[in-house]
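Next comes work.tsv, a file with TSV, C-alpha atoms.
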chain	number	residue	atom	x	y	z
A	1	MET	CA	-58.91	76.86	56.53
A	2	ILE	CA	-57.35	73.37	56.42
A	3	HIS	CA	-54.07	74.84	57.61
A	4	LEU	CA	-55.83	76.61	60.42
A	5	LEU	CA	-57.54	73.40	61.47
A	6	ARG	CA	-54.29	71.48	61.25
A	7	ASN	CA	-52.64	74.09	63.44
A	8	PHE	CA	-55.38	73.81	66.00
A	9	VAL	CA	-55.18	70.03	66.04
A	10	ALA	CA	-51.39	70.11	66.39
A	11	ILE	CA	-51.54	72.55	69.27
A	12	PHE	CA	-54.34	70.68	70.99
A	13	ALA	CA	-52.43	67.42	70.64
A	14	ALA	CA	-49.28	69.05	71.96
A	15	ALA	CA	-51.18	70.43	74.91
A	16	LEU	CA	-52.64	67.02	75.68
A	17	LEU	CA	-49.28	65.29	75.38
A	18	ALA	CA	-47.67	67.83	77.64
A	19	LEU	CA	-50.31	67.61	80.28
A	20	THR	CA	-51.05	63.90	80.33
A	21	PRO	CA	-47.84	62.78	82.12
A	22	ALA	CA	-48.46	65.47	84.69
A	23	ALA	CA	-51.96	64.18	85.24
A	24	LEU	CA	-50.69	60.67	85.80
A	25	SER	CA	-47.85	61.46	88.15
A	26	ALA	CA	-47.43	64.03	90.89
A	27	GLN	CA	-48.98	67.20	89.51
A	28	ALA	CA	-47.32	70.55	89.21
A	29	ALA	CA	-49.77	73.35	89.92
A	30	GLU	CA	-51.64	74.87	87.00
A	31	TRP	CA	-51.35	78.64	86.65
A	32	ASN	CA	-53.89	80.76	84.82
A	33	VAL	CA	-52.33	83.61	82.93
A	34	ASP	CA	-53.81	87.04	83.64
A	35	ARG	CA	-53.81	88.32	80.07
A	36	GLY	CA	-54.47	91.91	81.06
A	37	ALA	CA	-51.31	91.97	83.16
A	38	SER	CA	-49.19	90.03	80.69
A	39	ALA	CA	-47.58	90.81	77.36
A	40	ILE	CA	-45.43	89.27	74.67
A	41	ARG	CA	-43.36	91.93	72.97
A	42	PHE	CA	-40.70	91.97	70.29
A	43	SER	CA	-38.18	94.54	69.21
A	44	GLY	CA	-35.44	95.02	66.67
A	45	THR	CA	-34.17	97.48	64.11
A	46	HIS	CA	-35.60	98.42	60.74
A	47	ALA	CA	-34.16	100.96	58.29
A	48	GLY	CA	-31.79	102.24	60.96
A	49	ARG	CA	-34.46	102.69	63.61
A	50	GLU	CA	-35.71	100.65	66.50
A	51	PHE	CA	-39.16	99.12	66.36
A	52	ASN	CA	-41.22	97.77	69.23
A	53	GLY	CA	-44.16	95.49	68.73
A	54	ARG	CA	-46.43	93.12	70.55
A	55	PHE	CA	-48.69	90.20	69.87
A	56	GLY	CA	-52.28	91.05	70.66
A	57	GLN	CA	-53.57	87.47	70.64
A	58	TRP	CA	-51.91	84.58	72.42
A	59	THR	CA	-52.65	81.97	75.03
A	60	ALA	CA	-50.46	80.09	77.47
A	61	ARG	CA	-50.80	76.98	79.57
A	62	VAL	CA	-48.46	76.83	82.50
A	63	ARG	CA	-47.90	74.02	84.98
A	64	PHE	CA	-45.21	75.04	87.37
A	65	ASP	CA	-43.91	73.90	90.72
A	66	PRO	CA	-40.44	75.01	91.86
A	67	ALA	CA	-40.24	71.77	93.83
A	68	ASN	CA	-41.27	69.66	90.86
A	69	LEU	CA	-39.62	71.12	87.75
A	70	LYS	CA	-39.72	67.71	86.10
A	71	GLU	CA	-43.50	67.94	85.81
A	72	SER	CA	-43.52	71.64	85.03
A	73	ARG	CA	-44.54	72.65	81.50
A	74	ILE	CA	-44.97	75.86	79.56
A	75	ILE	CA	-46.89	76.08	76.29
A	76	VAL	CA	-47.45	79.37	74.55
A	77	VAL	CA	-49.50	79.75	71.38
A	78	ILE	CA	-49.22	83.03	69.51
A	79	ASP	CA	-51.50	84.32	66.76
A	80	THR	CA	-48.93	85.64	64.25
A	81	SER	CA	-51.56	87.79	62.54
A	82	SER	CA	-51.98	89.83	65.72
A	83	ALA	CA	-48.51	91.45	65.62
A	84	THR	CA	-48.61	95.22	65.87
A	85	THR	CA	-45.79	97.76	65.79
A	86	GLY	CA	-47.71	100.98	65.17
A	87	ASP	CA	-46.38	101.11	61.60
A	88	ARG	CA	-48.79	99.85	58.97
A	89	VAL	CA	-46.05	99.04	56.47
A	90	GLN	CA	-44.34	96.80	59.04
A	91	GLU	CA	-47.60	95.22	60.17
A	92	THR	CA	-48.68	94.49	56.60
A	93	THR	CA	-45.25	93.05	55.84
A	94	LEU	CA	-45.19	90.76	58.89
A	95	VAL	CA	-48.19	88.67	57.78
A	96	ASN	CA	-46.75	88.23	54.26
A	97	PRO	CA	-45.60	84.79	53.05
A	98	GLU	CA	-41.91	85.46	53.52
A	99	TRP	CA	-42.39	86.63	57.12
A	100	PHE	CA	-45.00	84.93	59.31
A	101	ASP	CA	-47.12	83.70	56.39
A	102	SER	CA	-50.11	84.10	58.65
A	103	ALA	CA	-52.60	82.98	56.01
A	104	ASN	CA	-51.04	79.50	56.01
A	105	HIS	CA	-49.43	79.41	59.45
A	106	ARG	CA	-51.56	81.48	61.71
A	107	PHE	CA	-50.12	80.18	64.97
A	108	ALA	CA	-46.59	79.98	66.26
A	109	ASN	CA	-45.94	78.14	69.49
A	110	PHE	CA	-43.38	77.40	72.14
A	111	ARG	CA	-43.41	74.12	74.06
A	112	SER	CA	-40.99	73.56	76.88
A	113	THR	CA	-39.22	70.22	77.00
A	114	SER	CA	-37.33	70.73	80.26
A	115	ILE	CA	-37.18	73.41	82.90
A	116	SER	CA	-34.18	73.76	85.15
A	117	SER	CA	-33.30	76.00	88.06
A	118	LEU	CA	-30.48	78.50	87.75
A	119	GLY	CA	-30.66	79.33	91.44
A	120	GLY	CA	-32.84	81.76	93.35
A	121	ASN	CA	-35.77	82.96	91.23
A	122	ARG	CA	-33.95	82.20	88.00
A	123	TYR	CA	-34.91	79.38	85.72
A	124	SER	CA	-34.26	78.19	82.23
A	125	ALA	CA	-36.83	76.62	79.95
A	126	ARG	CA	-35.55	74.60	77.06
A	127	GLY	CA	-38.02	73.84	74.35
A	128	LEU	CA	-39.11	74.08	70.76
A	129	LEU	CA	-40.22	77.23	69.01
A	130	GLU	CA	-42.41	76.45	66.04
A	131	ILE	CA	-42.83	79.13	63.39
A	132	LYS	CA	-44.26	78.41	59.94
A	133	GLY	CA	-44.25	74.71	60.75
A	134	LYS	CA	-40.51	74.70	61.42
A	135	GLU	CA	-39.28	73.78	64.87
A	136	THR	CA	-36.21	75.44	66.33
A	137	PRO	CA	-34.73	74.48	69.71
A	138	VAL	CA	-34.52	77.52	71.98
A	139	THR	CA	-33.66	78.21	75.58
A	140	LEU	CA	-35.70	80.80	77.43
A	141	PRO	CA	-34.12	82.10	80.63
A	142	PHE	CA	-36.67	83.62	82.96
A	143	THR	CA	-37.25	84.83	86.47
A	144	LEU	CA	-40.25	83.77	88.48
A	145	ASP	CA	-41.47	85.33	91.67
A	146	ILE	CA	-44.25	83.50	93.40
A	147	ASN	CA	-46.19	85.40	95.99
A	148	GLY	CA	-48.89	83.15	97.43
A	149	ASN	CA	-51.28	82.35	94.62
A	150	ARG	CA	-49.92	84.98	92.28
A	151	ALA	CA	-46.76	84.70	90.24
A	152	ARG	CA	-44.77	87.00	88.03
A	153	GLY	CA	-42.57	85.65	85.31
A	154	ALA	CA	-40.30	87.55	82.95
A	155	GLY	CA	-37.91	86.41	80.31
A	156	THR	CA	-36.18	87.70	77.22
A	157	LEU	CA	-34.84	85.79	74.31
A	158	THR	CA	-32.80	86.97	71.35
A	159	LEU	CA	-33.81	85.21	68.16
A	160	ASP	CA	-32.09	85.13	64.79
A	161	ARG	CA	-34.87	85.85	62.33
A	162	ILE	CA	-32.84	84.47	59.41
A	163	ALA	CA	-32.48	81.12	61.19
A	164	LEU	CA	-36.24	81.16	61.82
A	165	GLY	CA	-36.90	81.71	58.09
A	166	LEU	CA	-38.30	85.21	58.45
A	167	GLY	CA	-37.67	87.70	55.63
A	168	THR	CA	-35.07	85.51	53.98
A	169	LYS	CA	-35.90	86.50	50.40
A	170	SER	CA	-36.12	90.30	50.64
A	171	ASP	CA	-33.49	90.86	53.30
A	172	PRO	CA	-31.27	87.81	53.81
A	173	LYS	CA	-28.24	89.96	54.70
A	174	ALA	CA	-30.17	91.98	57.28
A	175	GLN	CA	-29.49	95.27	55.53
A	176	TRP	CA	-32.95	96.55	56.47
A	177	VAL	CA	-34.36	94.51	59.28
A	178	GLY	CA	-31.79	93.55	61.91
A	179	LYS	CA	-30.95	89.87	62.26
A	180	ASN	CA	-31.57	89.86	66.00
A	181	ILE	CA	-35.09	90.13	67.28
A	182	GLU	CA	-35.54	90.41	71.00
A	183	LEU	CA	-38.59	88.66	72.34
A	184	SER	CA	-39.71	89.66	75.80
A	185	ILE	CA	-42.32	87.83	77.78
A	186	ASN	CA	-43.94	89.23	80.88
A	187	VAL	CA	-46.53	87.03	82.48
A	188	THR	CA	-48.64	87.41	85.58
A	189	ALA	CA	-50.56	84.29	86.57
A	190	ASN	CA	-52.84	83.05	89.31
A	191	LYS	CA	-52.67	79.57	90.75
A	192	GLY	CA	-55.71	77.75	89.45
B	1	MET	CA	-73.72	142.51	22.71
B	2	ARG	CA	-72.15	143.22	26.06
B	3	ALA	CA	-73.35	139.88	27.46
B	4	THR	CA	-71.73	138.04	24.57
B	5	HIS	CA	-68.51	139.90	25.22
B	6	VAL	CA	-68.45	138.85	28.90
B	7	GLN	CA	-69.20	135.28	27.91
B	8	ASP	CA	-66.31	135.31	25.45
B	9	GLN	CA	-64.01	136.65	28.12
B	10	ALA	CA	-65.09	133.84	30.45
B	11	SER	CA	-64.54	131.17	27.82
B	12	TYR	CA	-60.94	132.35	27.47
B	13	ARG	CA	-60.36	130.98	30.95
B	14	TYR	CA	-59.99	127.35	31.92
B	15	THR	CA	-62.69	126.08	34.25
B	16	THR	CA	-62.05	126.48	37.97
B	17	VAL	CA	-61.70	122.71	38.38
B	18	ALA	CA	-59.09	122.59	35.60
B	19	ILE	CA	-57.19	125.51	37.14
B	20	VAL	CA	-57.18	124.01	40.63
B	21	LEU	CA	-56.09	120.59	39.34
B	22	HIS	CA	-53.38	122.17	37.18
B	23	TRP	CA	-51.70	124.15	39.94
B	24	LEU	CA	-52.20	121.56	42.66
B	25	MET	CA	-50.65	118.87	40.48
B	26	ALA	CA	-47.89	121.24	39.34
B	27	LEU	CA	-46.76	121.73	42.94
B	28	LEU	CA	-47.12	118.06	43.87
B	29	ILE	CA	-45.31	116.84	40.73
B	30	ILE	CA	-42.34	119.17	41.28
B	31	PHE	CA	-42.12	118.05	44.91
B	32	GLN	CA	-42.49	114.41	43.84
B	33	ILE	CA	-39.63	114.70	41.35
B	34	TYR	CA	-37.43	116.31	44.00
B	35	VAL	CA	-38.22	113.56	46.54
B	36	GLY	CA	-37.72	110.84	43.91
B	37	ILE	CA	-34.27	112.05	42.89
B	38	TRP	CA	-33.17	112.67	46.47
B	39	MET	CA	-34.26	109.30	47.85
B	40	SER	CA	-32.64	107.30	45.03
B	41	GLY	CA	-29.24	108.55	46.17
B	42	ALA	CA	-29.94	108.82	49.90
B	43	ILE	CA	-31.06	105.20	50.26
B	44	ASP	CA	-27.47	103.97	49.76
B	45	ASP	CA	-26.01	106.22	52.46
B	46	PRO	CA	-26.38	104.75	55.98
B	47	ALA	CA	-26.64	108.28	57.42
B	48	SER	CA	-29.77	109.06	55.40
B	49	GLN	CA	-31.16	105.55	54.99
B	50	ALA	CA	-33.96	105.93	57.54
B	51	ALA	CA	-35.15	109.23	56.06
B	52	ALA	CA	-34.88	107.80	52.53
B	53	TYR	CA	-36.97	104.79	53.56
B	54	ASP	CA	-39.68	107.19	54.76
B	55	ALA	CA	-39.29	109.17	51.55
B	56	PHE	CA	-39.91	106.01	49.50
B	57	GLN	CA	-43.13	105.30	51.40
B	58	PHE	CA	-44.18	108.93	50.91
B	59	HIS	CA	-43.19	108.91	47.22
B	60	LYS	CA	-45.34	105.81	46.62
B	61	SER	CA	-48.35	107.35	48.38
B	62	LEU	CA	-48.02	110.68	46.58
B	63	GLY	CA	-47.44	108.95	43.24
B	64	LEU	CA	-50.65	106.95	43.51
B	65	THR	CA	-52.49	110.11	44.56
B	66	LEU	CA	-51.11	111.83	41.47
B	67	LEU	CA	-52.26	108.91	39.32
B	68	VAL	CA	-55.82	109.32	40.57
B	69	LEU	CA	-55.65	113.10	40.10
B	70	ALA	CA	-54.25	112.66	36.57
B	71	ILE	CA	-57.10	110.34	35.60
B	72	LEU	CA	-59.67	112.77	37.06
B	73	ARG	CA	-57.99	115.60	35.22
B	74	LEU	CA	-57.88	113.74	31.92
B	75	ALA	CA	-61.58	112.90	32.27
B	76	TRP	CA	-62.37	116.55	33.02
B	77	ARG	CA	-60.27	117.66	30.06
B	78	LEU	CA	-62.09	115.32	27.70
B	79	ALA	CA	-65.50	116.41	28.97
B	80	HIS	CA	-64.91	120.17	28.81
B	81	ARG	CA	-63.80	122.52	26.10
B	82	VAL	CA	-60.61	124.45	26.60
B	83	PRO	CA	-60.03	128.10	25.69
B	84	PRO	CA	-59.27	128.57	22.00
B	85	GLU	CA	-55.68	129.42	21.15
B	86	PRO	CA	-54.97	133.04	20.23
B	87	ARG	CA	-55.67	133.62	16.53
B	88	ASP	CA	-52.22	134.59	15.32
B	89	ILE	CA	-50.26	131.62	16.66
B	90	PRO	CA	-48.14	129.99	13.91
B	91	GLY	CA	-49.12	126.51	12.80
B	92	TRP	CA	-45.97	124.80	14.06
B	93	GLN	CA	-46.57	126.24	17.54
B	94	ARG	CA	-50.11	124.89	17.55
B	95	VAL	CA	-48.75	121.44	16.68
B	96	ALA	CA	-45.99	121.74	19.30
B	97	ALA	CA	-48.46	122.87	21.96
B	98	ARG	CA	-50.85	120.05	21.13
B	99	ALA	CA	-48.07	117.44	21.14
B	100	SER	CA	-46.54	118.65	24.41
B	101	HIS	CA	-49.93	118.66	26.14
B	102	ILE	CA	-50.63	115.12	24.99
B	103	LEU	CA	-47.18	114.10	26.23
B	104	LEU	CA	-47.73	115.82	29.59
B	105	TYR	CA	-50.94	113.84	30.09
B	106	ALA	CA	-49.22	110.63	28.99
B	107	PHE	CA	-46.37	111.20	31.45
B	108	MET	CA	-48.76	112.06	34.29
B	109	VAL	CA	-50.41	108.66	33.85
B	110	LEU	CA	-47.45	106.50	32.77
B	111	ILE	CA	-44.93	107.64	35.38
B	112	PRO	CA	-47.04	106.65	38.42
B	113	LEU	CA	-48.23	103.51	36.59
B	114	SER	CA	-44.66	102.36	35.95
B	115	GLY	CA	-43.77	103.13	39.59
B	116	TRP	CA	-46.77	101.14	40.80
B	117	LEU	CA	-45.78	98.27	38.50
B	118	TYR	CA	-42.23	98.41	39.86
B	119	VAL	CA	-43.21	98.17	43.52
B	120	SER	CA	-45.76	95.47	42.62
B	121	THR	CA	-42.94	93.18	41.45
B	122	GLY	CA	-41.49	93.18	44.98
B	123	TRP	CA	-38.07	93.37	43.39
B	124	ASN	CA	-35.09	95.67	43.96
B	125	SER	CA	-33.59	96.26	40.52
B	126	ASP	CA	-30.52	98.04	41.90
B	127	ALA	CA	-29.61	95.07	44.11
B	128	GLY	CA	-31.07	92.40	41.85
B	129	THR	CA	-32.91	90.77	44.75
B	130	ALA	CA	-36.45	90.30	45.96
B	131	PHE	CA	-37.63	93.25	48.01
B	132	ALA	CA	-41.28	92.90	48.92
B	133	ILE	CA	-42.64	95.94	50.72
B	134	PRO	CA	-46.36	96.60	50.80
B	135	THR	CA	-47.68	100.00	49.77
B	136	VAL	CA	-49.62	101.66	52.56
B	137	TRP	CA	-51.23	104.91	51.47
B	138	PHE	CA	-49.77	107.58	53.76
B	139	GLY	CA	-49.55	104.96	56.50
B	140	MET	CA	-53.32	104.52	56.54
B	141	PHE	CA	-54.45	101.62	54.34
B	142	GLU	CA	-52.88	99.05	52.11
B	143	TRP	CA	-52.94	99.98	48.44
B	144	PRO	CA	-53.18	96.79	46.38
B	145	HIS	CA	-50.30	95.77	44.17
B	146	ILE	CA	-50.79	94.84	40.53
B	147	PRO	CA	-51.34	91.06	40.56
B	148	GLY	CA	-49.34	88.49	38.63
B	149	VAL	CA	-45.99	90.30	38.61
B	150	ASP	CA	-44.61	89.33	42.03
B	151	GLY	CA	-40.93	88.39	41.84
B	152	ASN	CA	-40.64	89.27	38.13
B	153	GLY	CA	-37.11	90.73	38.03
B	154	PRO	CA	-36.90	91.47	34.27
B	155	LEU	CA	-40.24	93.28	34.39
B	156	ALA	CA	-39.06	95.24	37.44
B	157	ASP	CA	-36.00	96.40	35.49
B	158	VAL	CA	-38.17	97.54	32.58
B	159	ALA	CA	-40.62	99.29	34.91
B	160	LEU	CA	-37.89	101.11	36.85
B	161	ASN	CA	-36.02	102.18	33.70
B	162	THR	CA	-39.28	103.42	32.18
B	163	HIS	CA	-40.15	105.24	35.40
B	164	GLN	CA	-36.80	107.06	35.49
B	165	LEU	CA	-36.59	107.77	31.75
B	166	LEU	CA	-40.11	109.21	31.66
B	167	ALA	CA	-39.47	111.25	34.81
B	168	TYR	CA	-36.37	112.85	33.28
B	169	SER	CA	-38.30	113.43	30.04
B	170	LEU	CA	-41.01	115.11	32.08
B	171	ILE	CA	-38.47	117.43	33.68
B	172	ALA	CA	-37.27	118.47	30.20
B	173	LEU	CA	-40.84	118.93	28.98
B	174	LEU	CA	-41.74	121.01	32.05
B	175	PHE	CA	-38.97	123.46	31.13
B	176	VAL	CA	-40.41	123.75	27.61
B	177	HIS	CA	-43.94	124.12	29.05
B	178	VAL	CA	-42.91	126.90	31.47
B	179	ALA	CA	-40.74	128.64	28.87
B	180	ALA	CA	-43.61	128.64	26.37
B	181	ALA	CA	-46.05	130.02	28.95
B	182	LEU	CA	-43.62	132.82	29.84
B	183	LYS	CA	-42.97	133.57	26.16
B	184	HIS	CA	-46.72	133.92	25.54
B	185	HIS	CA	-47.12	136.21	28.51
B	186	PHE	CA	-44.06	138.43	28.26
B	187	ALA	CA	-43.08	138.32	24.57
B	188	ASP	CA	-46.38	137.77	22.76
B	189	ARG	CA	-48.33	139.45	25.57
B	190	ASP	CA	-51.31	137.24	24.78
B	191	ARG	CA	-53.84	135.54	27.11
B	192	VAL	CA	-52.34	131.99	27.19
B	193	LEU	CA	-50.85	132.16	30.70
B	194	TRP	CA	-53.74	134.30	31.95
B	195	SER	CA	-56.25	131.63	30.90
B	196	MET	CA	-54.66	129.26	33.45
B	197	LEU	CA	-53.65	131.95	35.94
B	198	PRO	CA	-56.54	134.44	35.91
B	199	PHE	CA	-55.41	136.34	39.01
B	200	ILE	CA	-52.64	138.07	37.09
B	201	LYS	CA	-53.25	141.28	35.23
B	202	ARG	CA	-55.19	140.82	32.01
B	203	PRO	CA	-52.75	140.92	29.06
B	204	PRO	CA	-53.09	143.47	26.25
B	205	HIS	CA	-53.90	140.93	23.52
B	206	MET	CA	-57.08	139.09	24.49
B	207	GLU	CA	-58.30	138.04	21.04

Written form, C-alpha cells:
Amino acid sequence: MIHLLRNFVAIFAAALLALTPAALSAQAAEWNVDRGASAIRFSGTHAGREFNGRFGQWTARVRFDPANLKESRIIVVIDTSSATTGDRVQETTLVNPEWFDSANHRFANFRSTSISSLGGNRYSARGLLEIKGKETPVTLPFTLDINGNRARGAGTLTLDRIALGLGTKSDPKAQWVGKNIELSINVTANKG
Amino acid sequence: MRATHVQDQASYRYTTVAIVLHWLMALLIIFQIYVGIWMSGAIDDPASQAAAYDAFQFHKSLGLTLLVLAILRLAWRLAHRVPPEPRDIPGWQRVAARASHILLYAFMVLIPLSGWLYVSTGWNSDAGTAFAIPTVWFGMFEWPHIPGVDGNGPLADVALNTHQLLAYSLIALLFVHVAAALKHHFADRDRVLWSMLPFIKRPPHME
C-alpha cells in the first residue's frame, strides 16, 4: 500500500514537473489519448515460441507541437499487473518479484526528456523508462501523423529485459525467455 | 439361502467407486510416467523444447490431480471393506499383497507430493539455478506452491531425487502388481482380478 502510494506520488510529481515549464512558457498543445483506439503491446520468445501481450491498464499525458518540440512532453504510466498474453503461466509469472514485482512496483513509466525531429513525420523521444524503481535511458523512435485535431502515433522499441532487471534469477542467460522484448505503442489522440 | 449367496457374490467385488478410481488412476498414472520420462530428456533438445515445456505444465497439472484422486481413494479404501482374499492363498503371498498395496498407496501420495515440493522450490536441480515457474492447473487457475521453500536448492535436489526414485520404484511395483493379477486369473483361476474387473468372465474358483 505504501509502495503504491509512493508510486502515485512519484508519478504525480513527475507529471507536474513535466507540465509546469510548459505552462509557464509557450504551450505545446495537450492531446487526449483515445484509449479505445490505442494499445501498448509487447512481444518476444518463450520456450521456442513467440508470445504477444498487451497492457490492459495505462494512461498517457501528451503535450505535442511539431513547431515547438522543446515544450513537447510524453509521459506514459503502465500498470504492470495488467499484462496479458493469453497464457496463464506467463501472466502469473510476469507479476512475480523477479519480473515486474507488481505487488511492490505496480506502475512502470516512461517520461520523455527531449523530443527531436527525424524529418517528415518521424520523431525520436529520448527519456527515462522506470521499471521496479530503476530508471533506464531509452530512445523511442515514432511516427506521428496529425490530421486536424486527431493524431496517430506509432513507435516500437526493442528492450533488453536482462538490462531492465526482468527474470534475472531464473533465466539470466535467456535460455527460455528471449533477451529482446519488442514494445510497440500505437496511440490515437485528440487535441484537447 | 439364495439371497445370502448373491450377497456373498457381491461382496467379492470392489465397490463401483473403488473400481472406477482404480482404472482411471491406472490409465492416468501410466500416461503420467510416460510423459515424465519423455519430457525429462526432451527439455534439453532445442527441437523438442517447446513441446517439453508444455509437457511439464501438463505433468504438473495431472500430478496434482492424481494427488487429489489418491487421497480420495485412500479415504474410500479406509472407509469401506475390500473383498476377502481367496481362502487358499499362502501366507507369504498375503503378506506380499498387503505390503505391495500399502506401497502403491504410499507411492501414489508421495510421488506427486515430492513433485509439488520440487516445483515449489522454484529451483532447477539439473542446472543448479533458480527457476521459478508458477503452477497453473491445466492453464486455468494458479495452484499454490508449498510455502517456505522458495529458492531452497538442497531441498529441491532431495525432492527431485525422491520423485524420480519413487517413480522408478513404482514402475517396478506395477509390473509385480500386474503379474500377480494375471497369475491369479490365469494360473490360480481365482476371483482376484475379477473382483476389480467384473466385466470379464467369472472365474471357476469363486470361494

### Query
Hey, can you pull every residue with an atom no more than 12 Å from (-50.8, 83.4, 59.2), using only C-alpha atoms, and send it as number ranges by chain?
A: 1, 3-4, 7, 78-83, 92-108, 131-133

### Task
Within 9 Å of chain B, which residues of chain A are there when counting all atoms listed in the file? Please give them as a PyMOL selection string.
chain A and resi 46-49+87-90+92-93+96+98+169-171

### Task
Can you pull out every residue within 10 Å of Ile111 in chain B, counting all atoms listed in the file, but drop anything in the same chain fewer than 2 positions away, and send it as a ChimeraX atom specification?
/B:63-64,66-67,106-109,113-117,159-160,162-167,170

Using all atoms of range 136-149 of chain B listed in the file and a margin of 8 Å per side, can you give the axis-aligned box centre and edge lengths in Å to one decimal, as lines of an AutoDock Vina configuration file?
center_x = -50.2
center_y = 98.0
center_z = 47.6
size_x = 24.5
size_y = 35.1
size_z = 33.9

### Task
Take CA of Gly153 in chain A and CA of Asn32 in chain A and report the distance between them in Å, one decimal.
12.3 Å

### Query
Near Met196 in chain B, within 12 Å and counting all atoms listed in the file, which residues show up once chain neighbours fewer than 5 positions away are dropped, as JSON, numbers by chain?
{"B": [10, 11, 12, 13, 14, 15, 16, 17, 18, 19, 20, 21, 22, 23, 82, 83, 181, 185, 191, 202]}

### Task
Considering all atoms listed in the file, return as a list in words whatever protein or nucleic-acid residues lie within 9 Å of Val35 in chain B, sequence-local ones (same chain, fewer than 4 positions apart) excluded.
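Contacts, with the query itself left out: Ile30, Phe31, Met39, Ser40, Ala52, Ala55, Phe56, Phe58 and His59 of chain B.
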
Where atoms are lacking, range 135-153 of chain A completed to N, CA and C atoms, as a compact mmCIF listing (two decimals), in the frame of the given file:
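The resulting file, out_4.txt, is shown below:
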# COMPACT_ATOMS: atom_id res chain seq x y z
N GLU A 135 -39.63 73.77 63.45
CA GLU A 135 -39.28 73.78 64.87
C GLU A 135 -37.81 74.12 65.08
N THR A 136 -37.57 75.04 66.01
CA THR A 136 -36.21 75.44 66.33
C THR A 136 -36.02 75.28 67.84
N PRO A 137 -34.96 74.59 68.26
CA PRO A 137 -34.73 74.48 69.71
C PRO A 137 -34.29 75.83 70.27
N VAL A 138 -34.90 76.26 71.34
CA VAL A 138 -34.52 77.52 71.98
C VAL A 138 -34.46 77.33 73.49
N THR A 139 -33.72 78.22 74.12
CA THR A 139 -33.66 78.21 75.58
C THR A 139 -34.13 79.58 76.07
N LEU A 140 -35.15 79.55 76.91
CA LEU A 140 -35.70 80.80 77.43
C LEU A 140 -35.34 80.95 78.91
N PRO A 141 -34.41 81.85 79.23
CA PRO A 141 -34.12 82.10 80.63
C PRO A 141 -35.20 83.03 81.20
N PHE A 142 -35.63 82.75 82.40
CA PHE A 142 -36.67 83.62 82.96
C PHE A 142 -36.56 83.69 84.49
N THR A 143 -37.16 84.71 85.02
CA THR A 143 -37.25 84.83 86.47
C THR A 143 -38.69 84.57 86.86
N LEU A 144 -38.89 84.01 88.02
CA LEU A 144 -40.25 83.77 88.48
C LEU A 144 -40.34 84.09 89.96
N ASP A 145 -41.26 84.96 90.27
CA ASP A 145 -41.47 85.33 91.67
C ASP A 145 -42.88 84.93 92.06
N ILE A 146 -42.94 83.98 92.96
CA ILE A 146 -44.25 83.50 93.40
C ILE A 146 -44.59 84.15 94.73
N ASN A 147 -45.75 84.73 94.78
CA ASN A 147 -46.19 85.40 95.99
C ASN A 147 -47.58 84.86 96.31
N GLY A 148 -47.61 83.80 97.12
CA GLY A 148 -48.89 83.15 97.43
C GLY A 148 -49.45 82.49 96.19
N ASN A 149 -50.64 82.94 95.78
CA ASN A 149 -51.28 82.35 94.62
C ASN A 149 -51.04 83.15 93.34
N ARG A 150 -50.18 84.16 93.46
CA ARG A 150 -49.92 84.98 92.28
C ARG A 150 -48.42 84.90 91.94
N ALA A 151 -48.16 84.83 90.66
CA ALA A 151 -46.76 84.70 90.24
C ALA A 151 -46.46 85.65 89.09
N ARG A 152 -45.24 86.12 89.10
CA ARG A 152 -44.77 87.00 88.03
C ARG A 152 -43.59 86.36 87.35
N GLY A 153 -43.69 86.20 86.05
CA GLY A 153 -42.57 85.65 85.31
C GLY A 153 -42.12 86.62 84.24
